[in-house]
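Enquirer: Can you read through this structure? Questions will come right after.
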Amino acid sequence: MENTKTEKAGKKKLTARVILQEALATDVFSMWIEAKEVARTAKPGQFLSLYTKDASRLLPRPISICEADPDLGRLRVVYRVAGAGTEEFSHCRAGDAITVMGPLGNGFPFKRAEGKRALLVGGGIGIPPMLGLAKAREGENLVVLGFRDQLFLHSEFQPYGKVYVATEDGSAGTRGNVLDLMEGAGLTADVIYACGPTPMLRAVKAYAARHGMECWLSLEEKMACGIGACLACVCNSREVDSHSNVHNKRICKDGPVFLAQEVEL
């Protein structure tokens, strides 16, 4: 089931079908949806806008694409319940219809580093998009995952690289955060790809600079339109944005992935 509803800034709202939904941890859910047109073009690091059925909540919820299967025409999103919108999504069952728009954003430029060693760093709900990246890229992957306490998705990375885990409570892997782990293990690579909360990304950017590594960051930010029109999700940038004529970048449109030196965190 995939019917075009409206077209907006070159992207269409589509009615997709839920294939499978399951809980991975407390308030963390994995949902597979059938959306053939989206799955054919989705790239690691891009995101979907998911719309609720509640007319009082007009704005979509941006959720990173965890992985895509273009052959079967389906995508997976892994998200944390953080409000009424994601709470609604968590009650979806197989066969339910859900309105989506995507894929949105630019994704990771991983093909430029094929055959090289990469550090894939994910923190919290920034972990899911790193799974699609680990599956897609050619080359050695060192996967660093940071959790508060409960683990999720970590075992799914194992066929695609060496996995390191850090937990804030010390219940698994290294006690502390991803930087504590990286510093302690002396991890280096040709390039770093990272997604997670801003303090983590700021620390990863500094780590990459100290070790002379190319670094790409996927920024997490609350979004509104998801297509770059409203300027609700901006970050400070080195260069002047051609759209707003100020030192800003629109995370939903120009990102969410940026070369670390392009943005101020």
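Residues are named by chain letter and number: chains run A, B, ... in the order of the structure tokens, numbers start at 1 in each chain, and ligands are numbered from 1 in the order shown.
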Set out as JSON lines a contact list for region 124-175 of chain A and region 18-35 of chain A with a cut-off of 10 Å, giving each residue of region 124-175 of chain A that qualifies its closest atom pair and distance in Å to one decimal, counting only C-alpha atoms, ordered by chain and rising residue number.

Expert:
{"residue": "A:Ile125", "atom": "CA", "partner": "A:Val28", "partner_atom": "CA", "distance": 8.5}
{"residue": "A:Pro128", "atom": "CA", "partner": "A:Ser30", "partner_atom": "CA", "distance": 9.4}
{"residue": "A:Asp149", "atom": "CA", "partner": "A:Ala25", "partner_atom": "CA", "distance": 10.0}
{"residue": "A:Gln150", "atom": "CA", "partner": "A:Ala25", "partner_atom": "CA", "distance": 6.5}
{"residue": "A:Leu151", "atom": "CA", "partner": "A:Ala25", "partner_atom": "CA", "distance": 7.2}
{"residue": "A:Phe152", "atom": "CA", "partner": "A:Leu24", "partner_atom": "CA", "distance": 5.9}
{"residue": "A:Leu153", "atom": "CA", "partner": "A:Leu24", "partner_atom": "CA", "distance": 7.7}

Enquirer: Keeping only N, CA and C atoms, write the selected residues to a file as a PDB file, in the first residue's frame.

Expert:
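Generated file (out05.pdb):
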ATOM      1  N   ILE A 125      20.176   7.155  20.838  1.00  0.00           N
ATOM      2  CA  ILE A 125      19.327   6.954  19.679  1.00  0.00           C
ATOM      3  C   ILE A 125      20.049   7.382  18.387  1.00  0.00           C
ATOM      4  N   PRO A 128      21.108   3.783  15.766  1.00  0.00           N
ATOM      5  CA  PRO A 128      20.454   3.119  14.628  1.00  0.00           C
ATOM      6  C   PRO A 128      20.985   3.469  13.239  1.00  0.00           C
ATOM      7  N   ASP A 149      22.357   2.658  29.836  1.00  0.00           N
ATOM      8  CA  ASP A 149      22.341   1.399  30.590  1.00  0.00           C
ATOM      9  C   ASP A 149      21.946   0.230  29.690  1.00  0.00           C
ATOM     10  N   GLN A 150      20.696   0.154  29.257  1.00  0.00           N
ATOM     11  CA  GLN A 150      20.231  -0.974  28.447  1.00  0.00           C
ATOM     12  C   GLN A 150      20.828  -0.964  27.046  1.00  0.00           C
ATOM     13  N   LEU A 151      21.267  -2.122  26.583  1.00  0.00           N
ATOM     14  CA  LEU A 151      21.825  -2.247  25.240  1.00  0.00           C
ATOM     15  C   LEU A 151      20.725  -2.541  24.232  1.00  0.00           C
ATOM     16  N   PHE A 152      20.921  -2.102  22.995  1.00  0.00           N
ATOM     17  CA  PHE A 152      20.050  -2.480  21.892  1.00  0.00           C
ATOM     18  C   PHE A 152      20.840  -2.374  20.590  1.00  0.00           C
ATOM     19  N   LEU A 153      20.531  -3.244  19.656  1.00  0.00           N
ATOM     20  CA  LEU A 153      21.141  -3.306  18.319  1.00  0.00           C
ATOM     21  C   LEU A 153      22.597  -3.748  18.311  1.00  0.00           C
TER      22      LEU A 153
END

Enquirer: Write out as a Markdown table the residues of region 60-164 of chain A that have any atom within 10 Å of an atom of region 181-194 of chain A, one row each with the nearest atom pair and its distance in Å to one decimal, counting only C-alpha atoms, sorted by chain and then rising number.

Expert:
| residue | atom | partner | partner_atom | distance |
| --- | --- | --- | --- | --- |
| A:Phe108 | CA | A:Tyr193 | CA | 7.7 |
| A:Pro109 | CA | A:Tyr193 | CA | 9.4 |
| A:Phe110 | CA | A:Tyr193 | CA | 8.7 |
| A:Ala113 | CA | A:Val191 | CA | 7.5 |
| A:Lys116 | CA | A:Asp190 | CA | 6.3 |
| A:Arg117 | CA | A:Ala189 | CA | 5.2 |
| A:Ala118 | CA | A:Val191 | CA | 5.0 |
| A:Leu119 | CA | A:Ile192 | CA | 4.6 |
| A:Leu120 | CA | A:Tyr193 | CA | 5.0 |
| A:Val121 | CA | A:Ala194 | CA | 4.5 |
| A:Gly122 | CA | A:Ala194 | CA | 5.7 |
| A:Gly123 | CA | A:Ala194 | CA | 8.3 |
| A:Gly126 | CA | A:Ala194 | CA | 8.0 |
| A:Ile127 | CA | A:Ala194 | CA | 8.8 |
| A:Pro129 | CA | A:Ala194 | CA | 9.4 |
| A:Met130 | CA | A:Ala194 | CA | 7.7 |
| A:Leu133 | CA | A:Tyr193 | CA | 9.0 |
| A:Glu140 | CA | A:Ala189 | CA | 9.1 |
| A:Asn141 | CA | A:Ala189 | CA | 8.9 |
| A:Leu142 | CA | A:Ala189 | CA | 8.2 |
| A:Val143 | CA | A:Tyr193 | CA | 9.8 |
| A:Val144 | CA | A:Met182 | CA | 7.8 |
| A:Leu145 | CA | A:Leu181 | CA | 9.4 |
| A:Gly146 | CA | A:Leu181 | CA | 9.0 |
| A:Tyr164 | CA | A:Leu181 | CA | 7.9 |

Enquirer: Can you pull out every residue from region 3-235 of chain A that DSSP, working from the backbone, puts in alpha helix (DSSP H), and format the result as a PyMOL selection string?

Expert: chain A and resi 36-41+84-89+128-136+154-157+178-185+198-210

Enquirer: Find the distance between CA of Gly115 (chain A) and CA of Val165 (chain A) and write it in Å to one decimal.

Expert: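 One can read the CA of Gly115 (chain A) to CA of Val165 (chain A) distance as 23.9 Å.
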
Enquirer: Please indicate the distance in Å from CA of Leu201 (chain A) to CA of Pro159 (chain A), rounded to one decimal place.

Expert: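 CA of Leu201 (chain A) sits 25.4 Å away from CA of Pro159 (chain A).
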
Enquirer: Tell me, in Å to one decimal, how far CA of Thr52 (chain A) is from CA of His154 (chain A).

Expert: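 Computing it gives 29.0 Å between the two atoms.
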
Enquirer: Determine which residues of region 15-237 of chain A receive a DSSP assignment of strand (DSSP E or B), computed from the backbone, and state them as a PyMOL selection string.

Expert: chain A and resi 15-25+28-34+47-51+61-69+74-80+97-104+118-123+141-147+162-167+174-175+191-196+214-219+234-237

Enquirer: Residues near Lys53 (chain A), anyone? I mean within 10 Å using only C-alpha atoms, not counting same-chain ones fewer than 4 positions away, as number ranges by chain.

Expert: A: 57-58, 85, 88-89, 97-99

Enquirer: Could you list, as a VMD selection string, every residue within 12 Å of Ala39 (chain A), counting only C-alpha atoms and ignoring same-chain residues fewer than 5 positions away?

Expert: chain A and resid 2 16 32 to 34 44 46 to 48 65 to 77 100 to 104

Enquirer: Return the single residue from A:Gly95, A:Gly139, A:Pro62, A:Gly124 that is closest to Thr167 (chain A), with distances computed using only C-alpha atoms.

Expert: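 Checking each candidate against Thr167 (chain A), we get A:Gly124 as the closest.
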
Enquirer: Name the closest residue to Ala209 (chain A) among the candidates A:Ala55, A:Ala166, A:Ala260, A:Leu14; distances are taken between atoms, counting only C-alpha atoms.

Expert: A:Ala260
